[in-house]
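K.L.:
I'm passing along query-v9.cif; it holds mmCIF, C-alpha atoms.
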```
data_target
#
loop_
_atom_site.label_atom_id
_atom_site.label_comp_id
_atom_site.auth_asym_id
_atom_site.auth_seq_id
_atom_site.Cartn_x
_atom_site.Cartn_y
_atom_site.Cartn_z
CA MET A 1 361.77 18.21 43.96
CA ALA A 2 358.55 18.53 42.11
CA VAL A 3 358.57 17.16 38.60
CA CYS A 4 355.54 19.05 37.40
CA ILE A 5 353.71 22.14 38.61
CA ALA A 6 350.46 23.42 37.15
CA VAL A 7 348.21 26.40 37.86
CA ILE A 8 344.63 25.85 36.76
CA ALA A 9 342.09 28.63 36.50
CA LYS A 10 338.61 28.57 37.97
CA GLU A 11 337.16 27.50 34.62
CA ASN A 12 339.56 24.55 34.56
CA TYR A 13 341.94 25.64 31.86
CA PRO A 14 345.68 25.83 32.55
CA LEU A 15 347.22 29.19 33.32
CA TYR A 16 350.67 27.73 33.72
CA ILE A 17 352.09 24.26 33.41
CA ARG A 18 355.68 23.16 33.54
CA SER A 19 357.45 19.85 34.00
CA THR A 20 361.10 18.94 34.37
CA PRO A 21 361.78 15.92 32.20
CA THR A 22 361.03 17.68 28.96
CA GLU A 23 360.43 14.39 27.23
CA ASN A 24 357.09 12.81 28.04
CA GLU A 25 355.49 16.13 28.95
CA LEU A 26 352.18 14.85 27.67
CA LYS A 27 352.06 12.24 30.40
CA PHE A 28 352.22 14.95 33.06
CA HIS A 29 349.64 17.07 31.31
CA TYR A 30 347.33 14.08 31.31
CA MET A 31 348.00 13.40 34.99
CA VAL A 32 347.19 16.98 35.91
CA HIS A 33 344.02 16.80 33.87
CA THR A 34 342.80 13.66 35.60
CA SER A 35 343.67 15.09 39.00
CA LEU A 36 341.24 17.95 38.40
CA ASP A 37 338.37 15.54 38.97
CA VAL A 38 339.76 14.61 42.35
CA VAL A 39 340.19 18.29 43.23
CA ASP A 40 336.59 19.04 42.35
CA GLU A 41 335.45 16.09 44.40
CA LYS A 42 337.38 17.31 47.41
CA ILE A 43 336.08 20.85 47.08
CA SER A 44 332.45 19.78 46.86
CA ALA A 45 332.89 17.32 49.71
CA MET A 46 334.24 20.09 51.90
CA GLY A 47 331.31 22.28 51.01
CA LYS A 48 328.75 19.78 52.21
CA ALA A 49 330.37 18.81 55.48
CA LEU A 50 329.71 21.16 58.38
CA VAL A 51 333.27 22.32 58.64
CA ASP A 52 334.07 25.44 60.58
CA GLN A 53 337.53 25.69 59.12
CA ARG A 54 338.28 24.80 55.56
CA GLU A 55 341.81 24.18 54.47
CA LEU A 56 343.27 25.55 51.28
CA TYR A 57 345.73 22.66 51.12
CA LEU A 58 343.97 19.59 49.76
CA GLY A 59 346.71 17.09 50.43
CA LEU A 60 347.60 13.99 48.47
CA LEU A 61 345.15 13.67 45.62
CA TYR A 62 346.19 10.28 44.37
CA PRO A 63 349.35 8.20 44.15
CA THR A 64 350.54 6.29 41.12
CA GLU A 65 353.42 3.85 41.11
CA ASP A 66 355.99 6.49 40.16
CA TYR A 67 354.44 9.74 41.23
CA LYS A 68 352.31 11.40 43.85
CA VAL A 69 349.96 14.26 43.07
CA TYR A 70 349.16 17.03 45.55
CA GLY A 71 346.54 19.74 45.30
CA TYR A 72 345.80 23.20 46.70
CA VAL A 73 342.94 25.56 45.98
CA THR A 74 342.77 29.30 46.62
CA ASN A 75 339.84 31.44 47.64
CA SER A 76 339.32 32.42 44.04
CA LYS A 77 339.03 28.76 43.01
CA VAL A 78 342.38 28.75 41.28
CA LYS A 79 343.96 25.34 41.69
CA PHE A 80 347.60 24.42 42.05
CA VAL A 81 348.58 20.86 41.22
CA MET A 82 352.01 19.46 41.99
CA VAL A 83 353.39 16.13 40.86
CA VAL A 84 356.35 14.78 42.81
CA ASP A 85 358.56 11.79 42.30
CA SER A 86 357.69 8.90 44.58
CA SER A 87 361.20 7.55 44.57
CA ASN A 88 362.35 10.72 46.30
CA THR A 89 362.82 10.35 50.04
CA ALA A 90 359.29 10.96 51.16
CA LEU A 91 358.77 14.68 51.20
CA ARG A 92 357.18 15.69 54.45
CA ASP A 93 353.74 17.22 54.40
CA ASN A 94 355.12 20.46 55.80
CA GLU A 95 357.49 20.83 52.91
CA ILE A 96 354.71 20.37 50.40
CA ARG A 97 352.61 22.90 52.30
CA SER A 98 355.40 25.43 52.27
CA MET A 99 355.92 24.91 48.55
CA PHE A 100 352.23 25.57 47.96
CA ARG A 101 352.38 28.63 50.15
CA LYS A 102 355.24 30.02 48.05
CA LEU A 103 353.26 29.25 44.90
CA HIS A 104 350.24 31.05 46.32
CA ASN A 105 352.28 34.11 47.24
CA SER A 106 353.86 34.25 43.80
CA TYR A 107 350.49 33.82 42.16
CA THR A 108 349.10 36.69 44.24
CA ASP A 109 352.00 38.84 43.09
CA VAL A 110 351.21 37.97 39.47
CA MET A 111 347.56 38.91 40.02
CA CYS A 112 348.54 42.28 41.46
CA ASN A 113 350.68 43.09 38.44
CA PRO A 114 348.73 45.76 36.53
CA PHE A 115 350.05 44.47 33.22
CA TYR A 116 348.60 41.05 33.82
CA ASN A 117 345.05 40.39 32.66
CA PRO A 118 343.33 37.87 34.89
CA GLY A 119 342.68 34.78 32.83
CA ASP A 120 345.75 35.01 30.61
CA ARG A 121 348.59 32.55 30.65
CA ILE A 122 351.16 33.44 33.28
CA GLN A 123 354.31 34.74 31.67
CA SER A 124 355.99 36.40 34.62
CA ARG A 125 359.69 35.78 34.92
CA ALA A 126 359.59 36.03 38.69
CA PHE A 127 356.98 33.29 38.77
CA ASP A 128 359.09 31.18 36.39
CA ASN A 129 362.14 31.60 38.59
CA MET A 130 360.24 30.61 41.69
CA VAL A 131 358.89 27.49 40.01
CA THR A 132 362.36 26.61 38.70
CA SER A 133 363.75 26.86 42.21
CA MET A 134 361.13 24.36 43.37
CA MET A 135 361.76 21.94 40.57
CA ILE A 136 365.52 21.51 40.50
CA GLN A 137 366.21 21.40 44.18
CA VAL A 138 367.20 17.76 43.84
CA CYS A 139 370.48 17.54 41.98
CA MET B 1 349.32 56.70 58.93
CA ALA B 2 350.08 58.78 55.89
CA ASP B 3 349.21 55.90 53.57
CA ALA B 4 345.46 56.40 53.77
CA VAL B 5 345.73 60.05 52.90
CA LEU B 6 347.94 59.32 49.88
CA PHE B 7 345.24 57.17 48.37
CA GLU B 8 342.58 59.80 49.09
CA PHE B 9 344.60 62.47 47.28
CA LEU B 10 345.25 60.18 44.35
CA HIS B 11 341.58 59.29 44.15
CA THR B 12 340.53 62.96 44.22
CA GLU B 13 342.91 63.72 41.40
CA MET B 14 341.70 60.73 39.36
CA VAL B 15 338.11 61.92 39.58
CA ALA B 16 339.08 65.51 38.82
CA GLU B 17 341.13 64.45 35.81
CA LEU B 18 338.49 62.18 34.34
CA TRP B 19 335.73 64.70 34.86
CA ALA B 20 337.49 67.68 33.26
CA PRO B 21 334.82 70.04 31.83
CA ASP B 22 335.80 69.43 28.21
CA ALA B 23 335.86 65.66 28.58
CA ASP B 24 336.67 64.55 25.06
CA PRO B 25 335.60 60.98 24.29
CA GLY B 26 338.94 60.65 22.50
CA SER B 27 339.31 57.40 20.64
CA GLY B 28 335.92 57.34 18.95
CA SER B 29 336.21 59.52 15.86
CA ALA B 30 332.44 59.48 15.38
CA ASP B 31 332.00 61.29 18.68
CA ARG B 32 333.89 64.33 17.52
CA ILE B 33 331.32 65.24 14.92
CA THR B 34 328.37 64.99 17.28
CA PRO B 35 327.19 68.17 18.99
CA GLN B 36 329.02 69.31 22.08
CA HIS B 37 326.17 68.39 24.40
CA LYS B 38 326.07 64.78 23.28
CA ALA B 39 329.85 64.48 23.45
CA GLY B 40 329.76 65.80 26.99
CA LEU B 41 327.22 63.21 28.08
CA SER B 42 329.00 60.23 26.58
CA GLY B 43 332.23 61.55 28.09
CA LYS B 44 330.63 61.41 31.53
CA LYS B 45 329.47 57.85 31.07
CA LYS B 46 332.90 56.90 29.84
CA SER B 47 334.55 58.55 32.84
CA TRP B 48 332.28 56.64 35.17
CA SER B 49 333.11 53.33 33.49
CA VAL B 50 336.82 54.14 33.42
CA LEU B 51 336.78 54.77 37.16
CA GLU B 52 334.71 51.69 37.74
CA GLY B 53 337.08 49.65 35.59
CA LEU B 54 340.04 50.87 37.65
CA GLY B 55 338.25 49.89 40.83
CA PHE B 56 337.35 46.51 39.34
CA ARG B 57 340.95 45.59 38.56
CA VAL B 58 342.09 46.71 42.01
CA GLY B 59 339.26 44.74 43.57
CA GLN B 60 340.31 41.62 41.68
CA ALA B 61 343.85 41.91 42.98
CA LEU B 62 342.70 42.63 46.54
CA GLY B 63 340.28 39.72 46.41
CA GLU B 64 343.26 37.51 45.70
CA ARG B 65 345.59 38.97 48.29
CA LEU B 66 343.38 39.65 51.28
CA PRO B 67 341.53 36.45 52.22
CA ARG B 68 343.79 34.67 54.59
CA GLU B 69 344.89 31.07 54.86
CA THR B 70 341.50 29.45 55.26
CA LEU B 71 338.88 28.98 52.59
CA ALA B 72 336.76 31.64 54.21
CA VAL B 73 334.06 32.19 51.67
CA ARG B 74 331.48 29.49 51.46
CA GLU B 75 328.43 31.46 50.45
CA GLU B 76 327.24 34.94 49.53
CA LEU B 77 326.86 36.19 53.06
CA ASP B 78 330.44 35.23 53.88
CA ALA B 79 331.64 37.15 50.84
CA LEU B 80 329.68 40.22 51.89
CA LYS B 81 331.03 39.96 55.41
CA PHE B 82 334.53 39.77 53.96
CA LEU B 83 333.83 42.96 52.00
CA CYS B 84 332.46 44.79 55.02
CA LYS B 85 335.23 43.78 57.39
CA ASP B 86 338.47 42.80 55.68
CA LEU B 87 338.26 44.81 52.47
CA TRP B 88 336.96 47.96 54.13
CA ALA B 89 339.55 47.73 56.90
CA ALA B 90 342.36 47.32 54.38
CA MET B 91 341.19 50.17 52.17
CA PHE B 92 339.73 52.67 54.61
CA GLN B 93 340.94 51.54 58.03
CA LYS B 94 337.41 51.10 59.32
CA HIS B 95 334.58 48.60 59.09
CA MET B 96 331.37 49.08 57.20
CA ASP B 97 328.71 50.51 59.48
CA GLY B 98 325.75 48.50 58.30
CA LEU B 99 324.85 45.54 56.15
CA ARG B 100 321.26 44.75 55.28
CA THR B 101 319.82 42.13 52.98
CA ASN B 102 316.53 41.02 51.62
CA HIS B 103 317.81 37.43 51.55
CA GLN B 104 317.12 37.31 47.84
CA GLY B 105 320.45 38.44 46.52
CA THR B 106 320.28 42.16 47.25
CA TYR B 107 322.51 43.67 49.90
CA VAL B 108 322.79 47.24 51.07
CA LEU B 109 326.09 48.27 52.60
CA GLN B 110 325.92 51.44 54.61
CA ASP B 111 328.87 53.57 55.56
CA ASN B 112 328.10 56.56 57.77
CA ASN B 113 331.49 58.16 57.49
CA PHE B 114 332.90 57.29 54.11
CA PRO B 115 336.54 58.48 54.07
CA LEU B 116 336.50 59.52 50.43
CA LEU B 117 333.53 61.82 51.09
CA LEU B 118 334.62 63.12 54.48
CA THR B 119 336.64 65.96 53.02
CA MET B 120 333.64 67.37 51.24
CA GLY B 121 331.91 68.46 54.40
CA SER B 122 328.70 67.12 55.82
CA GLY B 123 325.16 67.79 54.86
CA SER B 124 323.54 68.13 51.50
CA GLN B 125 325.64 70.82 49.86
CA TYR B 126 327.58 68.72 47.35
CA ILE B 127 325.15 65.91 46.74
CA GLU B 128 325.24 66.23 42.93
CA GLU B 129 329.02 66.00 42.88
CA ALA B 130 329.30 63.10 45.31
CA PRO B 131 328.33 60.09 43.13
CA LYS B 132 331.40 60.35 40.88
CA PHE B 133 333.56 59.87 43.95
CA LEU B 134 331.89 56.55 44.54
CA ALA B 135 332.53 55.05 41.09
CA PHE B 136 335.92 53.65 41.97
CA THR B 137 334.59 52.03 45.13
CA CYS B 138 331.68 50.46 43.26
CA GLY B 139 334.14 48.87 40.88
CA LEU B 140 336.25 47.77 43.83
CA LEU B 141 333.38 45.88 45.42
CA CYS B 142 332.41 44.35 42.09
CA GLY B 143 335.98 43.22 41.36
CA ALA B 144 336.52 41.68 44.77
CA LEU B 145 333.25 39.76 44.50
CA HIS B 146 334.23 38.62 41.01
CA THR B 147 337.47 37.10 42.30
CA LEU B 148 335.55 35.32 45.02
CA GLY B 149 333.31 33.84 42.37
CA PHE B 150 330.18 36.00 42.48
CA ARG B 151 328.91 38.10 39.62
CA SER B 152 327.26 41.24 40.88
CA LEU B 153 326.02 44.69 40.06
CA VAL B 154 327.01 47.49 42.41
CA THR B 155 325.45 50.92 42.57
CA ALA B 156 325.93 53.72 45.05
CA SER B 157 323.75 56.45 46.43
CA VAL B 158 324.26 59.44 48.70
CA THR B 159 321.57 61.17 50.71
CA ALA B 160 323.63 63.13 53.18
CA LEU B 161 327.39 63.44 53.11
CA PRO B 162 329.50 61.74 54.37
CA ALA B 163 327.14 58.79 54.65
CA CYS B 164 326.61 56.64 51.58
CA LYS B 165 325.01 53.37 50.60
CA PHE B 166 326.27 50.72 48.21
CA GLN B 167 323.69 48.41 46.78
CA VAL B 168 324.98 45.02 45.65
CA VAL B 169 322.71 42.84 43.54
CA MET B 170 324.01 39.32 43.00
CA GLN B 171 323.52 37.98 39.53
CA LYS B 172 322.62 34.37 39.04
CA SER B 173 324.82 33.16 36.17
#
```
Please express the file's structure as structure tokens.
P.N.:
Amino acid sequence: MAVCIAVIAKENYPLYIRSTPTENELKFHYMVHTSLDVVDEKISAMGKALVDQRELYLGLLYPTEDYKVYGYVTNSKVKFVMVVDSSNTALRDNEIRSMFRKLHNSYTDVMCNPFYNPGDRIQSRAFDNMVTSMMIQVC
Amino acid sequence: MADAVLFEFLHTEMVAELWAPDADPGSGSADRITPQHKAGLSGKKKSWSVLEGLGFRVGQALGERLPRETLAVREELDALKFLCKDLWAAMFQKHMDGLRTNHQGTYVLQDNNFPLLLTMGSGSQYIEEAPKFLAFTCGLLCGALHTLGFRSLVTASVTALPACKFQVVMQKS
């Protein structure tokens, strides 16, 4: 259901980025890049407010006419950005949350892999498969 | 229940293996021509950093896996509290006994009954041997803090087994 999923490291470089329509990939890369500003804004806004409970899920970052962009940040400041098709029957918030939770769990598994050096591009097949399952659910 | 003991045995073997009496620096060819004494010393430093490196990588992974759903860590003190409660409970099934700070970036974590030192008896008999058993844990604390976004320097000291202190100095980057 997602058309593009990206994992961005703390230093704001991509660890993993994949999109379904393989033509026009650059457009999605650009969208993810611009959404990073919104993510940073949300994170710093949360820091200032006297919140007792901070959410990892950032919610809808910004909508365009064709797509909606959602964000999620982990405790280690690794950001997940997901672009979904607006024309799709509106995905419920819960579904997006559960997709992010699956992403987070898979990312944690990648981190715990002793052959993975933190900071490298993610090349795990298990992670790839999980992302594929999230991207081609619509048929 | 057996899980904790498995790690303790593995850790004991790791230290024993890395601190074998004829610790050969190995990869550096230049080291082999230096006198035995010098080779021994650099071997010890290397063993310490190998153990610390192991702990660091494990700490990085734990720092990713342990913090739960909420963005729990807002500032240094929260990170230290996470170390003392969540990390210690996951690794050693107990909480840290004491946390002190000078409010200027230095924290002292005190554990009065450190599980990895418990088996060595209590008192001051093995004080010289004890620090190498703390190398892994120093790296662990450093790695977990690194994942949470804080650069730090961790050292350990023992005055009377099985109590030990870890000193964490936060680095301003």
K.L.:
Which distance in Å separates atom CA of Ser35 of chain A and atom CA of Gly63 of chain B, to one decimal?
P.N.:
25.9 Å
K.L.:
Can you spell out as a count of residues only the set of residues that the PyMOL selection byres ((chain B and resi 67) around 12) selects in the structure I just provided?
P.N.:
32
K.L.:
Can you list what the PyMOL selection byres ((chain A) within 10 of (chain B)) grabs from this structure, as a PyMOL selection string?
P.N.:
chain A and resi 10+46-47+52-57+73-78+101+104-105+107-114+117-118
K.L.:
Using all atoms listed in the file, which residues sit within 6 Å of segment 137-140 of chain B once same-chain residues fewer than 2 positions away are excluded, as a list in words?
P.N.:
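Residues meeting the cut-off are Glu52, Gly55, Phe56, Gly59, Leu134, Ala135, Cys142, Gly143 and Val154 of chain B.
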K.L.:
Which distance in Å separates atom CA of Leu91 of chain A and atom CA of Val69 of chain A, to one decimal?
P.N.:
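Those two atoms sit 12.0 Å apart.
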K.L.:
Quick one: distance from atom CA of Arg100 of chain B to atom CA of Glu128 of chain B in Å, one decimal?
P.N.:
25.1 Å
K.L.:
Can you tell me, as a PyMOL selection string, which residues sit within 12 Å of (337.6, 18.7, 42.2) in the file's frame, using all atoms listed in the file?
P.N.:
chain A and resi 8+10-12+32-47+58+61+71-73+77-81
K.L.:
Could you pull the residues within 10 Å of Phe133 of chain B, counting all atoms listed in the file, minus those fewer than 6 positions along the same chain, as JSON, numbers by chain?
P.N.:
{"B": [11, 12, 14, 15, 16, 48, 51, 116, 117, 156]}
K.L.:
Met134 of chain A: which residues within 10 Å, counting only C-alpha atoms, same-chain residues fewer than 5 positions away excluded, as a PDB file with C-alpha atoms, in the frame of the given file?
P.N.:
```pdb
ATOM      1  CA  MET A   1     361.770  18.210  43.960  1.00  0.00           C
ATOM      2  CA  ALA A   2     358.550  18.530  42.110  1.00  0.00           C
ATOM      3  CA  VAL A   3     358.570  17.160  38.600  1.00  0.00           C
ATOM      4  CA  CYS A   4     355.540  19.050  37.400  1.00  0.00           C
ATOM      5  CA  ILE A   5     353.710  22.140  38.610  1.00  0.00           C
ATOM      6  CA  MET A  99     355.920  24.910  48.550  1.00  0.00           C
ATOM      7  CA  LYS A 102     355.240  30.020  48.050  1.00  0.00           C
ATOM      8  CA  LEU A 103     353.260  29.250  44.900  1.00  0.00           C
ATOM      9  CA  ASP A 128     359.090  31.180  36.390  1.00  0.00           C
ATOM     10  CA  ASN A 129     362.140  31.600  38.590  1.00  0.00           C
TER      11      ASN A 129
END
```
K.L.:
Identify which of the residues B:Asn113, B:Gln93, B:Thr106, B:Thr101 lies closest to Gln171 of chain B, counting all atoms listed in the file when measuring atom-to-atom distances.
P.N.:
B:Thr106
K.L.:
Within 7 Å of Ser157 of chain B, counting only C-alpha atoms, which residues qualify if same-chain residues fewer than 5 places away don't, as an MDAnalysis selection string?
P.N.:
chainID B and resid 131 164:166
K.L.:
Hey, could you pull the box centre and edge lengths for segment 141-148 of chain B, axis-aligned, 4 Å padding per side, all listed atoms, to one decimal in Å, as JSON?
P.N.:
```
{"center_x": 334.9, "center_y": 40.6, "center_z": 43.2, "size_x": 13.1, "size_y": 18.6, "size_z": 12.4}
```
K.L.:
Counting all atoms listed in the file, what is within 9 Å of Leu161 of chain B, bar same-chain residues fewer than 2 positions away, as a PDB file with C-alpha atoms, keeping the file's coordinate frame?
P.N.:
```pdb
ATOM      1  CA  ASN B 112     328.100  56.560  57.770  1.00  0.00           C
ATOM      2  CA  ASN B 113     331.490  58.160  57.490  1.00  0.00           C
ATOM      3  CA  PHE B 114     332.900  57.290  54.110  1.00  0.00           C
ATOM      4  CA  LEU B 117     333.530  61.820  51.090  1.00  0.00           C
ATOM      5  CA  LEU B 118     334.620  63.120  54.480  1.00  0.00           C
ATOM      6  CA  MET B 120     333.640  67.370  51.240  1.00  0.00           C
ATOM      7  CA  GLY B 121     331.910  68.460  54.400  1.00  0.00           C
ATOM      8  CA  SER B 122     328.700  67.120  55.820  1.00  0.00           C
ATOM      9  CA  GLY B 123     325.160  67.790  54.860  1.00  0.00           C
ATOM     10  CA  SER B 124     323.540  68.130  51.500  1.00  0.00           C
ATOM     11  CA  GLN B 125     325.640  70.820  49.860  1.00  0.00           C
ATOM     12  CA  TYR B 126     327.580  68.720  47.350  1.00  0.00           C
ATOM     13  CA  ILE B 127     325.150  65.910  46.740  1.00  0.00           C
ATOM     14  CA  ALA B 130     329.300  63.100  45.310  1.00  0.00           C
ATOM     15  CA  VAL B 158     324.260  59.440  48.700  1.00  0.00           C
ATOM     16  CA  THR B 159     321.570  61.170  50.710  1.00  0.00           C
ATOM     17  CA  ALA B 163     327.140  58.790  54.650  1.00  0.00           C
ATOM     18  CA  CYS B 164     326.610  56.640  51.580  1.00  0.00           C
TER      19      CYS B 164
END
```
K.L.:
Counting only C-alpha atoms, which residues sit no farther than 9 Å from the position (347.1, 34.1, 30.4) in the file's frame? I'd like them as JSON, numbers by chain.
P.N.:
{"A": [14, 15, 16, 116, 117, 118, 119, 120, 121, 122, 123]}
K.L.:
Find, counting only C-alpha atoms, the residue in A:Tyr30, A:Phe115, A:Tyr62, A:Tyr67 that gets nearest to Ile17 of chain A.
P.N.:
A:Tyr30
